[in-house]
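Trainee: So here's upload.cif, just mmCIF, C-alpha atoms:
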data_target
loop_
_atom_site.label_atom_id
_atom_site.label_comp_id
_atom_site.auth_asym_id
_atom_site.auth_seq_id
_atom_site.Cartn_x
_atom_site.Cartn_y
_atom_site.Cartn_z
CA MET A 1 -0.44 33.26 -12.69
CA LYS A 2 -1.80 29.72 -12.65
CA GLU A 3 0.72 28.76 -15.36
CA LYS A 4 3.56 29.29 -12.87
CA SER A 5 1.83 27.03 -10.32
CA ILE A 6 1.21 24.37 -12.97
CA ALA A 7 4.89 24.46 -13.96
CA LEU A 8 5.99 24.08 -10.32
CA LEU A 9 3.50 21.28 -9.70
CA ASN A 10 4.81 19.44 -12.77
CA LYS A 11 8.41 19.89 -11.58
CA ALA A 12 7.32 18.29 -8.32
CA ILE A 13 5.73 15.39 -10.21
CA ALA A 14 9.01 14.84 -12.08
CA ASP A 15 10.92 14.76 -8.79
CA GLU A 16 8.38 12.45 -7.16
CA LEU A 17 8.50 10.06 -10.15
CA THR A 18 12.28 9.98 -9.86
CA ALA A 19 11.95 9.18 -6.15
CA VAL A 20 9.44 6.38 -6.83
CA HIS A 21 11.75 4.79 -9.39
CA GLN A 22 14.83 5.18 -7.20
CA TYR A 23 13.18 3.87 -4.04
CA MET A 24 11.66 0.88 -5.80
CA TYR A 25 15.09 0.09 -7.24
CA PHE A 26 16.52 0.25 -3.69
CA HIS A 27 13.60 -1.84 -2.41
CA PHE A 28 14.33 -4.60 -4.93
CA HIS A 29 18.04 -4.66 -4.09
CA CYS A 30 17.59 -4.53 -0.31
CA ASP A 31 15.02 -7.32 -0.54
CA ASP A 32 17.40 -9.36 -2.70
CA GLN A 33 20.17 -8.90 -0.12
CA GLY A 34 17.87 -9.99 2.71
CA TYR A 35 17.50 -6.55 4.31
CA GLU A 36 13.76 -6.81 4.81
CA LEU A 37 13.34 -3.80 7.13
CA LEU A 38 15.14 -1.46 4.74
CA ALA A 39 13.41 -2.98 1.72
CA ASN A 40 10.05 -2.29 3.34
CA LEU A 41 11.06 1.26 4.25
CA PHE A 42 11.99 2.02 0.63
CA ARG A 43 8.78 0.39 -0.64
CA LYS A 44 6.58 2.29 1.84
CA THR A 45 8.25 5.59 0.95
CA ALA A 46 7.82 4.91 -2.79
CA ILE A 47 4.10 4.34 -2.24
CA GLU A 48 3.83 7.61 -0.30
CA GLU A 49 5.63 9.40 -3.15
CA MET A 50 3.06 7.89 -5.57
CA MET A 51 0.31 9.40 -3.44
CA HIS A 52 2.08 12.76 -3.71
CA ILE A 53 2.00 12.43 -7.50
CA GLU A 54 -1.73 11.86 -7.34
CA LEU A 55 -2.30 14.97 -5.20
CA LEU A 56 -0.10 17.08 -7.48
CA ALA A 57 -1.85 15.79 -10.62
CA GLU A 58 -5.27 16.52 -9.15
CA ARG A 59 -4.21 20.10 -8.44
CA ILE A 60 -2.82 20.54 -11.96
CA LEU A 61 -6.05 19.25 -13.48
CA PHE A 62 -8.09 21.58 -11.26
CA LEU A 63 -5.99 24.45 -12.62
CA LYS A 64 -6.80 23.18 -16.15
CA GLY A 65 -3.19 22.25 -16.81
CA GLU A 66 -1.58 19.24 -18.44
CA VAL A 67 0.00 16.63 -16.18
CA GLU A 68 3.53 15.80 -17.31
CA MET A 69 4.64 12.29 -16.34
CA ALA A 70 8.39 12.33 -16.96
CA ALA A 71 10.94 11.64 -14.23
CA SER A 72 13.55 14.34 -13.64
CA ALA A 73 16.51 11.92 -13.50
CA GLU A 74 17.58 8.37 -14.24
CA VAL A 75 17.78 5.75 -11.51
CA LYS A 76 21.22 5.58 -9.92
CA LYS A 77 22.49 1.99 -9.82
CA ILE A 78 23.56 1.83 -6.17
CA HIS A 79 23.78 -1.51 -4.34
CA GLU A 80 25.54 -0.49 -1.11
CA VAL A 81 23.08 0.30 1.69
CA ARG A 82 24.97 3.26 3.15
CA GLU A 83 25.05 4.92 -0.28
CA MET A 84 21.35 4.16 -0.80
CA LEU A 85 20.43 5.82 2.47
CA LYS A 86 22.69 8.81 1.79
CA LEU A 87 21.13 9.39 -1.63
CA ALA A 88 17.61 8.95 -0.24
CA ALA A 89 18.28 11.46 2.57
CA ASP A 90 19.76 13.93 0.08
CA MET A 91 16.76 13.53 -2.25
CA GLU A 92 14.32 14.18 0.61
CA THR A 93 16.25 17.26 1.76
CA SER A 94 16.31 18.63 -1.77
CA SER A 95 12.57 18.05 -2.21
CA ALA A 96 11.74 19.70 1.12
CA ASN A 97 13.86 22.73 0.19
CA ASP A 98 12.26 22.99 -3.26
CA TYR A 99 8.74 22.59 -1.92
CA ASN A 100 9.31 25.28 0.71
CA LYS A 101 10.50 27.64 -2.00
CA TRP A 102 7.69 26.70 -4.36
CA ALA A 103 5.07 27.17 -1.62
CA ASN A 104 6.29 30.75 -1.28
CA GLU A 105 6.19 31.27 -5.06
CA CYS A 106 2.60 30.00 -5.17
CA ALA A 107 1.70 32.39 -2.34
CA GLN A 108 3.19 35.29 -4.31
CA ASN A 109 0.96 34.26 -7.24
CA ALA A 110 -2.19 34.22 -5.07
CA ASP A 111 -2.49 30.41 -5.23
CA SER A 112 -2.98 29.46 -1.61
CA ALA A 113 -4.23 25.92 -2.36
CA SER A 114 -1.02 24.99 -4.20
CA LYS A 115 0.93 26.70 -1.41
CA LYS A 116 -0.81 24.49 1.17
CA LEU A 117 -0.18 21.39 -0.94
CA PHE A 118 3.54 22.11 -1.13
CA GLU A 119 3.63 22.80 2.62
CA SER A 120 1.99 19.44 3.36
CA LEU A 121 4.53 17.73 1.09
CA VAL A 122 7.36 19.38 3.04
CA ASP A 123 6.09 17.67 6.20
CA ASP A 124 6.14 14.28 4.47
CA GLU A 125 9.57 14.80 2.90
CA GLU A 126 11.03 15.83 6.26
CA ARG A 127 9.56 12.69 7.85
CA HIS A 128 11.05 10.57 5.06
CA PHE A 129 14.42 12.26 5.64
CA ASP A 130 14.15 11.48 9.34
CA ASN A 131 13.47 7.80 8.59
CA TYR A 132 16.59 7.56 6.42
CA ASP A 133 18.65 9.56 8.92
CA VAL A 134 17.70 7.13 11.72
CA GLU A 135 18.77 4.19 9.52
CA MET A 136 22.09 5.90 8.76
CA ASP A 137 22.60 6.45 12.50
CA ASN A 138 21.82 2.78 13.16
CA LEU A 139 24.46 1.76 10.62
CA LYS A 140 26.99 4.09 12.26
CA LYS A 141 26.20 2.76 15.74
CA PHE A 142 25.95 -0.95 14.95
CA GLY A 143 27.95 -1.25 11.73
CA ASP A 144 27.42 -4.17 9.41
CA ASN A 145 25.95 -6.13 12.34
CA TYR A 146 22.79 -4.08 11.82
CA LEU A 147 22.44 -5.42 8.28
CA ALA A 148 23.46 -8.93 9.29
CA LEU A 149 20.71 -9.05 11.90
CA GLN A 150 18.11 -8.09 9.29
CA SER A 151 19.36 -10.81 6.97
CA ILE A 152 19.42 -13.43 9.73
CA GLU A 153 15.89 -12.51 10.82
CA ARG A 154 14.63 -12.91 7.28
CA SER A 155 16.38 -16.27 6.93
CA LYS A 156 14.76 -17.45 10.15
CA ASN A 157 11.33 -16.42 8.84
CA VAL A 158 11.85 -18.06 5.45
CA GLY A 159 13.44 -21.23 6.86
CA GLY A 160 10.85 -21.53 9.60
CA GLY A 161 7.90 -21.22 7.23
CA GLY A 162 7.34 -17.55 8.13
CA SER A 163 6.14 -14.85 5.81
CA GLY A 164 9.51 -13.76 4.40
CA ALA A 165 9.89 -13.31 0.66
CA ALA A 166 11.80 -15.95 -1.26
#
Let me see whether you can do it: turn the structure in this file into structure tokens.
Mentor:
Amino acid sequence: MKEKSIALLNKAIADELTAVHQYMYFHFHCDDQGYELLANLFRKTAIEEMMHIELLAERILFLKGEVEMAASAEVKKIHEVREMLKLAADMETSSANDYNKWANECAQNADSASKKLFESLVDDEERHFDNYDVEMDNLKKFGDNYLALQSIERSKNVGGGGSGAA
């Protein structure tokens, strides 16, 4: 029974690694384009996904399993912010759906600790989705002005000796 939980936990690690790679890629590109708020959102989410990997790995090791550290997909080379946010929202929705399903599978295999872990991850993934959904709504409401304001704010910070990245 624990083998099934270990397999599911490793699938989650693969998905989380993919998310870390993808979100850091988006972070770099948003930062390069001057979109500091979005860059920081992607960076913060990537760090939270890394913490998920740690929790999943700890559970696998407790179950005496082997932690597999291979991403489930390659990074998608997206540079347009709307597409970044759409992919990020889709990834979070997919993870939440998978983790809900996997929590139930763990429960059926009498592994309530893995079930609880997956349930806690669902809460985080839904919060991440909400963050990206709000940003997509902001882009719809304010259009490219929303991005321009972020870029201008960063330029003011950098030009005025603030703490913006160069």
Trainee: Taking only C-alpha atoms into account, which of A:Arg59, A:Ala96, A:Asp31, A:Lys44 comes nearest Ser120 of chain A?
Mentor: A:Ala96
Trainee: Please write as an MDAnalysis selection string the full residue list that the PyMOL selection byres ((chain A and resi 24) around 12) yields on this file.
Mentor: chainID A and resid 17:23 25:31 38:50 75:78 84 88
Trainee: Find the nearest atom pair between each residue of segment 58-82 of chain A and segment 3-6 of chain A for residues within 12 Å, count all atoms listed in the file, give distances in Å to one decimal, sort rows by chain and ascending number, and present the table as JSON lines.
Mentor:
{"residue": "A:Glu58", "atom": "CA", "partner": "A:Ile6", "partner_atom": "CA", "distance": 10.9}
{"residue": "A:Arg59", "atom": "CA", "partner": "A:Ile6", "partner_atom": "CA", "distance": 8.3}
{"residue": "A:Ile60", "atom": "CA", "partner": "A:Ile6", "partner_atom": "CA", "distance": 5.7}
{"residue": "A:Leu61", "atom": "CA", "partner": "A:Ile6", "partner_atom": "CA", "distance": 8.9}
{"residue": "A:Phe62", "atom": "CA", "partner": "A:Ile6", "partner_atom": "CA", "distance": 9.9}
{"residue": "A:Leu63", "atom": "CA", "partner": "A:Ile6", "partner_atom": "CA", "distance": 7.2}
{"residue": "A:Lys64", "atom": "CA", "partner": "A:Ile6", "partner_atom": "CA", "distance": 8.7}
{"residue": "A:Gly65", "atom": "CA", "partner": "A:Ile6", "partner_atom": "CA", "distance": 6.2}
{"residue": "A:Glu66", "atom": "CA", "partner": "A:Ile6", "partner_atom": "CA", "distance": 8.0}
{"residue": "A:Val67", "atom": "CA", "partner": "A:Ile6", "partner_atom": "CA", "distance": 8.5}
{"residue": "A:Glu68", "atom": "CA", "partner": "A:Ile6", "partner_atom": "CA", "distance": 9.9}
Trainee: Generate a file of the selected residues that holds C-alpha atoms, formatted as a compact mmCIF listing (two decimals), in the coordinates of the input.
Mentor:
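Generated output (out_14.txt):
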# COMPACT_ATOMS: atom_id res chain seq x y z
CA GLU A 58 -5.27 16.52 -9.15
CA ARG A 59 -4.21 20.10 -8.44
CA ILE A 60 -2.82 20.54 -11.96
CA LEU A 61 -6.05 19.25 -13.48
CA PHE A 62 -8.09 21.58 -11.26
CA LEU A 63 -5.99 24.45 -12.62
CA LYS A 64 -6.80 23.18 -16.15
CA GLY A 65 -3.19 22.25 -16.81
CA GLU A 66 -1.58 19.24 -18.44
CA VAL A 67 0.00 16.63 -16.18
CA GLU A 68 3.53 15.80 -17.31
Trainee: How big is the axis-aligned box, and where does its centre sit, when it encloses all atoms of segment 103-118 of chain A listed in the file and has 3 Å added on every side, reported in Å to one decimal as AutoDock Vina command-line options?
Mentor:
--center_x 1.0 --center_y 28.3 --center_z -3.0 --size_x 16.5 --size_y 19.9 --size_z 14.4
Trainee: Report as a short mmCIF file (atom, residue, chain, number, x, y, z; two decimals) with C-alpha atoms, in the frame of the given file the full result of the PyMOL selection byres ((chain A and resi 124-131) around 10) when it is applied to this structure.
Mentor:
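Saved result, out37.cif, follows:
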data_model
loop_
_atom_site.label_atom_id
_atom_site.label_comp_id
_atom_site.auth_asym_id
_atom_site.auth_seq_id
_atom_site.Cartn_x
_atom_site.Cartn_y
_atom_site.Cartn_z
CA LEU A 41 11.06 1.26 4.25
CA PHE A 42 11.99 2.02 0.63
CA LYS A 44 6.58 2.29 1.84
CA THR A 45 8.25 5.59 0.95
CA GLU A 48 3.83 7.61 -0.30
CA GLU A 49 5.63 9.40 -3.15
CA HIS A 52 2.08 12.76 -3.71
CA LEU A 85 20.43 5.82 2.47
CA LYS A 86 22.69 8.81 1.79
CA ALA A 88 17.61 8.95 -0.24
CA ALA A 89 18.28 11.46 2.57
CA ASP A 90 19.76 13.93 0.08
CA MET A 91 16.76 13.53 -2.25
CA GLU A 92 14.32 14.18 0.61
CA THR A 93 16.25 17.26 1.76
CA SER A 94 16.31 18.63 -1.77
CA SER A 95 12.57 18.05 -2.21
CA ALA A 96 11.74 19.70 1.12
CA ASN A 97 13.86 22.73 0.19
CA TYR A 99 8.74 22.59 -1.92
CA PHE A 118 3.54 22.11 -1.13
CA GLU A 119 3.63 22.80 2.62
CA SER A 120 1.99 19.44 3.36
CA LEU A 121 4.53 17.73 1.09
CA VAL A 122 7.36 19.38 3.04
CA ASP A 123 6.09 17.67 6.20
CA TYR A 132 16.59 7.56 6.42
CA ASP A 133 18.65 9.56 8.92
CA VAL A 134 17.70 7.13 11.72
CA GLU A 135 18.77 4.19 9.52
CA MET A 136 22.09 5.90 8.76
#
Trainee: Using all atoms listed in the file, which residue out of A:Ala103, A:Leu37, A:Val81, A:Leu87 lies closest to Asp144 of chain A?
Mentor: A:Val81
Trainee: Quick check, in Å to one decimal: how far apart do atom CA of Leu56 of chain A and atom CA of Glu105 of chain A lie?
Mentor: 15.7 Å
Trainee: Which value, in Å to one decimal, gives the distance between atom CA of His79 of chain A and atom CA of Gln33 of chain A?
Mentor: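 Between atom CA of His79 of chain A and atom CA of Gln33 of chain A the gap works out to 9.2 Å.
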Trainee: Could you tell me how far atom CA of Tyr35 of chain A lies from atom CA of Glu83 of chain A, in Å and to one decimal?
Mentor: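 A separation of 14.5 Å between them.
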Trainee: Might you pull out every residue within 7 Å of Cys106 of chain A, with all atoms listed in the file counted and same-chain residues fewer than 5 positions away left off, and present them as a VMD selection string?
Mentor: chain A and resid 5 111 to 112 114 to 115
Trainee: Which one is closest to Asn104 of chain A: A:Ala70, A:Ser151, A:Asn10, A:Leu117? Count only C-alpha atoms.
Mentor: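 Answer, going by the shortest atom-to-atom distance: A:Leu117.
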Trainee: With distances taken over all atoms listed in the file, which residue among A:Leu147, A:Leu55, A:Glu74, A:Trp102 lies nearest Ala7 of chain A?
Mentor: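 The answer is A:Trp102, which sits nearest to Ala7 of chain A.
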Trainee: Go ahead and find all residues with at least one atom no further than 12 Å from (25.4, -6.6, 9.7) in the file's coordinates, using only C-alpha atoms; report them as a ChimeraX atom specification.
Mentor: /A:33-35,81-82,138-153
Trainee: Return segment 42-75 of chain A, completed with N, CA and C atoms, as a compact mmCIF listing (two decimals), in the frame of the given file.
Mentor:
# COMPACT_ATOMS: atom_id res chain seq x y z
N PHE A 42 11.93 1.44 1.98
CA PHE A 42 11.99 2.02 0.63
C PHE A 42 10.66 1.83 -0.11
N ARG A 43 10.06 0.67 0.03
CA ARG A 43 8.78 0.39 -0.64
C ARG A 43 7.68 1.31 -0.11
N LYS A 44 7.60 1.44 1.21
CA LYS A 44 6.58 2.29 1.84
C LYS A 44 6.76 3.75 1.40
N THR A 45 7.99 4.21 1.36
CA THR A 45 8.25 5.59 0.95
C THR A 45 7.87 5.79 -0.52
N ALA A 46 8.19 4.81 -1.37
CA ALA A 46 7.82 4.91 -2.79
C ALA A 46 6.30 5.04 -2.94
N ILE A 47 5.56 4.28 -2.16
CA ILE A 47 4.10 4.34 -2.24
C ILE A 47 3.60 5.72 -1.79
N GLU A 48 4.21 6.26 -0.74
CA GLU A 48 3.83 7.61 -0.30
C GLU A 48 4.14 8.65 -1.38
N GLU A 49 5.28 8.47 -2.06
CA GLU A 49 5.63 9.40 -3.15
C GLU A 49 4.61 9.28 -4.29
N MET A 50 4.11 8.06 -4.55
CA MET A 50 3.06 7.89 -5.57
C MET A 50 1.81 8.66 -5.18
N MET A 51 1.47 8.65 -3.90
CA MET A 51 0.31 9.40 -3.44
C MET A 51 0.53 10.90 -3.62
N HIS A 52 1.77 11.35 -3.45
CA HIS A 52 2.08 12.76 -3.71
C HIS A 52 1.81 13.10 -5.17
N ILE A 53 2.22 12.20 -6.07
CA ILE A 53 2.00 12.43 -7.50
C ILE A 53 0.51 12.60 -7.77
N GLU A 54 -0.29 11.77 -7.14
CA GLU A 54 -1.73 11.86 -7.34
C GLU A 54 -2.27 13.21 -6.88
N LEU A 55 -1.84 13.67 -5.71
CA LEU A 55 -2.30 14.97 -5.20
C LEU A 55 -1.86 16.10 -6.13
N LEU A 56 -0.63 16.05 -6.58
CA LEU A 56 -0.10 17.08 -7.48
C LEU A 56 -0.87 17.08 -8.81
N ALA A 57 -1.12 15.89 -9.34
CA ALA A 57 -1.85 15.79 -10.62
C ALA A 57 -3.27 16.32 -10.47
N GLU A 58 -3.92 16.00 -9.37
CA GLU A 58 -5.27 16.52 -9.15
C GLU A 58 -5.28 18.04 -9.13
N ARG A 59 -4.29 18.63 -8.50
CA ARG A 59 -4.21 20.10 -8.44
C ARG A 59 -3.97 20.68 -9.83
N ILE A 60 -3.09 20.06 -10.60
CA ILE A 60 -2.82 20.54 -11.96
C ILE A 60 -4.10 20.48 -12.79
N LEU A 61 -4.81 19.39 -12.70
CA LEU A 61 -6.05 19.25 -13.48
C LEU A 61 -7.09 20.27 -13.04
N PHE A 62 -7.17 20.55 -11.75
CA PHE A 62 -8.09 21.58 -11.26
C PHE A 62 -7.74 22.93 -11.88
N LEU A 63 -6.44 23.18 -12.03
CA LEU A 63 -5.99 24.45 -12.62
C LEU A 63 -6.07 24.43 -14.15
N LYS A 64 -6.63 23.34 -14.70
CA LYS A 64 -6.80 23.18 -16.15
C LYS A 64 -5.46 23.07 -16.87
N GLY A 65 -4.50 22.46 -16.20
CA GLY A 65 -3.19 22.25 -16.81
C GLY A 65 -3.04 20.83 -17.29
N GLU A 66 -1.92 20.57 -17.94
CA GLU A 66 -1.58 19.24 -18.44
C GLU A 66 -0.60 18.59 -17.48
N VAL A 67 -0.88 17.36 -17.08
CA VAL A 67 0.00 16.63 -16.18
C VAL A 67 1.13 16.00 -17.00
N GLU A 68 2.36 16.36 -16.64
CA GLU A 68 3.53 15.80 -17.31
C GLU A 68 4.05 14.64 -16.46
N MET A 69 4.25 13.49 -17.09
CA MET A 69 4.64 12.29 -16.34
C MET A 69 6.03 11.81 -16.75
N ALA A 70 7.01 12.69 -16.63
CA ALA A 70 8.39 12.33 -16.96
C ALA A 70 9.26 12.54 -15.73
N ALA A 71 10.03 11.53 -15.37
CA ALA A 71 10.94 11.64 -14.23
C ALA A 71 12.02 12.68 -14.52
N SER A 72 12.54 13.29 -13.47
CA SER A 72 13.55 14.34 -13.64
C SER A 72 14.96 13.78 -13.77
N ALA A 73 15.17 12.51 -13.43
CA ALA A 73 16.51 11.92 -13.50
C ALA A 73 16.41 10.41 -13.66
N GLU A 74 17.49 9.82 -14.11
CA GLU A 74 17.58 8.37 -14.24
C GLU A 74 17.85 7.74 -12.88
N VAL A 75 17.49 6.50 -12.74
CA VAL A 75 17.78 5.75 -11.51
C VAL A 75 19.29 5.55 -11.39
